[in-house]
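First up is the structure itself, then whatever we jot down about it.
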Amino acid sequence: PPEMSGSDRIQKDEALAARVVQRLDALLGVPAAATEALLAAPGSVEAKLDLRVLYLRRVHNFCFYAAQWCEDAWTLRNKCSNAVLRAHVDGRSKAPAEGQWAKRHEERLEAFLSSADFAPPDAKACSEEVEGKCKEVYETSANVITAQKIKCTHCGKLFKGMEYIKKHVHKAHAGLVQPIEDAVYQEHAYKAYLADPSAPDARHMPLSIS
């Protein structure tokens, strides 16, 4: 509605959009430097708002004016159309005073900001599962000569115990364990996502684990 095109409203939305960008970027692990660069982009208040609204839509599948966080671009389009455009107000006219639509718009965004969350995987559980699934790799990587003399079967280096072999495999032969670690962390992240009531519904999203 035209009330969203007033200069005061645009200033408020520019600040609100910055908060949503910061929240979603932080939740999903976007580097802080990238977030800061986006928010520091030059331009008018209106241009900055448009950039942030576009970023939220393209990067996070989030519709700023509907406060809808969707699982993918298709769901976003179906729920919120292809785009949301503000009414144009030229210099000879004045935008209507803010009414119920603007009030509900702010309430939706504040509710989202106060509830949006993304629980990270349980680090301890992940580590234990990785350890268990890498056991066979550790065993095939170790040629036990004596209790304190173990040779790496991949490069021939000698170590004083299995703990040293494990560390060596992760450091020098990471390709043997990295796919296992990636699969475990991806699975735990997916489960954490599904358990988060504030996240988009991803129950039908494919989970690809190597």
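In the structure tokens, chains take the letters A, B, ... in the order shown, each chain's residues start at 1, and ligands count up from 1 in the order shown.
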8 Å contact set for segment 99-103 of chain A, only C-alpha atoms, chain neighbours under 5 positions out, as a PyMOL selection string
chain A and resi 1+3-4
I need the chosen residues saved as a compact mmCIF listing (two decimals), in the first residue's frame, with C-alpha atoms.
```txt
# COMPACT_ATOMS: atom_id res chain seq x y z
CA PRO A 1 0.00 0.00 0.00
CA GLU A 3 1.64 4.16 3.18
CA MET A 4 4.79 2.01 2.86
```
Run DSSP on the backbone and grab whatever in segment 6-170 of chain A lands in strand (DSSP E); send it over as a PDB file with N, CA and C atoms, in the first residue's frame.
```
ATOM      1  N   PHE A  62      13.584 -15.070   2.012  1.00  0.00           N
ATOM      2  CA  PHE A  62      12.774 -14.367   3.005  1.00  0.00           C
ATOM      3  C   PHE A  62      12.093 -13.179   2.357  1.00  0.00           C
ATOM      4  N   CYS A  63      10.773 -13.099   2.501  1.00  0.00           N
ATOM      5  CA  CYS A  63      10.025 -11.947   1.993  1.00  0.00           C
ATOM      6  C   CYS A  63       9.900 -10.923   3.113  1.00  0.00           C
ATOM      7  N   GLN A  68       7.930 -13.735   5.673  1.00  0.00           N
ATOM      8  CA  GLN A  68       7.849 -15.176   5.419  1.00  0.00           C
ATOM      9  C   GLN A  68       9.237 -15.717   5.103  1.00  0.00           C
ATOM     10  N   TRP A  69       9.668 -16.695   5.888  1.00  0.00           N
ATOM     11  CA  TRP A  69      10.950 -17.363   5.658  1.00  0.00           C
ATOM     12  C   TRP A  69      10.647 -18.721   5.042  1.00  0.00           C
ATOM     13  N   ALA A 142      46.770 -48.347  10.604  1.00  0.00           N
ATOM     14  CA  ALA A 142      47.778 -48.645  11.619  1.00  0.00           C
ATOM     15  C   ALA A 142      48.344 -50.056  11.474  1.00  0.00           C
ATOM     16  N   ASN A 143      49.634 -50.125  11.359  1.00  0.00           N
ATOM     17  CA  ASN A 143      50.344 -51.407  11.386  1.00  0.00           C
ATOM     18  C   ASN A 143      51.049 -51.484  12.737  1.00  0.00           C
ATOM     19  N   VAL A 144      50.450 -52.232  13.676  1.00  0.00           N
ATOM     20  CA  VAL A 144      50.962 -52.282  15.039  1.00  0.00           C
ATOM     21  C   VAL A 144      52.162 -53.218  15.101  1.00  0.00           C
ATOM     22  N   ILE A 145      53.318 -52.621  15.332  1.00  0.00           N
ATOM     23  CA  ILE A 145      54.548 -53.407  15.459  1.00  0.00           C
ATOM     24  C   ILE A 145      54.745 -53.813  16.918  1.00  0.00           C
ATOM     25  N   THR A 146      54.660 -52.846  17.823  1.00  0.00           N
ATOM     26  CA  THR A 146      54.627 -53.081  19.272  1.00  0.00           C
ATOM     27  C   THR A 146      53.604 -52.116  19.847  1.00  0.00           C
ATOM     28  N   LYS A 149      54.915 -48.768  19.105  1.00  0.00           N
ATOM     29  CA  LYS A 149      55.511 -48.551  17.785  1.00  0.00           C
ATOM     30  C   LYS A 149      54.495 -48.957  16.725  1.00  0.00           C
ATOM     31  N   ILE A 150      53.839 -47.953  16.165  1.00  0.00           N
ATOM     32  CA  ILE A 150      52.783 -48.183  15.183  1.00  0.00           C
ATOM     33  C   ILE A 150      53.127 -47.430  13.906  1.00  0.00           C
ATOM     34  N   LYS A 151      53.088 -48.148  12.797  1.00  0.00           N
ATOM     35  CA  LYS A 151      53.453 -47.549  11.514  1.00  0.00           C
ATOM     36  C   LYS A 151      52.193 -47.189  10.721  1.00  0.00           C
ATOM     37  N   CYS A 152      52.204 -46.001  10.120  1.00  0.00           N
ATOM     38  CA  CYS A 152      51.112 -45.589   9.240  1.00  0.00           C
ATOM     39  C   CYS A 152      51.214 -46.383   7.946  1.00  0.00           C
ATOM     40  N   LEU A 158      56.256 -43.571  11.789  1.00  0.00           N
ATOM     41  CA  LEU A 158      56.086 -44.325  13.028  1.00  0.00           C
ATOM     42  C   LEU A 158      55.535 -43.441  14.137  1.00  0.00           C
ATOM     43  N   PHE A 159      54.666 -44.015  14.964  1.00  0.00           N
ATOM     44  CA  PHE A 159      54.047 -43.292  16.068  1.00  0.00           C
ATOM     45  C   PHE A 159      54.031 -44.160  17.323  1.00  0.00           C
TER      46      PHE A 159
END
```
Contact residues around His168 of chain A with only C-alpha atoms at 10 Å, ignoring same-chain residues under 5 positions, as a PyMOL selection string
chain A and resi 138+141+152+157+159+162-163+173-174
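Shell of Glu131 of chain A at 10 Å, with only C-alpha atoms counted and residues fewer than 6 places along the chain excluded, is Ala125, Val137, Tyr138, Lys166, Val177, Ile180 and Glu181 of chain A.
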Identify, on the basis of only C-alpha atoms, every residue whose closest approach to Glu110 of chain A does not exceed 9 Å; exclude the query and any residue fewer than 5 positions from it along the same chain; express the result as a ChimeraX atom specification.
/A:16,105,115
For each of A:Leu27, A:Leu176, A:Ala183, A:Val53, take the minimum atom-to-atom distance to Asp13 of chain A, counting only C-alpha atoms, then give the residue where this is smallest.
A:Val53
Please compute the atom CA of Trp74 of chain A-atom CA of Asn61 of chain A distance, one decimal, in Å.
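If I compute the distance from atom CA of Trp74 of chain A to atom CA of Asn61 of chain A, I get 9.0 Å.
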Quick one: DSSP alpha helix (DSSP H) residues in chain A, as a count of residues only?
116
A:Ala40, A:Val45, A:Tyr55, A:Arg108: which is nearest Asp25 of chain A, counting only C-alpha atoms?
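For Asp25 of chain A, the nearest of the candidates is A:Tyr55.
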To one decimal place in Å, what is the distance between atom CA of Val130 of chain A and atom CA of Val184 of chain A?
6.6 Å
Using only C-alpha atoms, pick whichever of A:Ile165, A:Leu76, A:Val21, A:Leu109 has the shortest atom-to-atom distance to Lys135 of chain A.
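Closest to Lys135 of chain A, using only C-alpha atoms: A:Ile165.
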Using atom CA of Gly29 of chain A and atom CA of Ala17 of chain A as the two end points, give the distance in Å to one decimal.
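Separation between atom CA of Gly29 of chain A and atom CA of Ala17 of chain A: 17.9 Å.
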Given only C-alpha atoms as the counted atoms, nearest of A:Pro42, A:Gly156, A:Pro31, A:Pro96 to Arg9 of chain A
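Comparing A:Pro42, A:Gly156, A:Pro31, A:Pro96 against Arg9 of chain A, the winner is A:Pro96.
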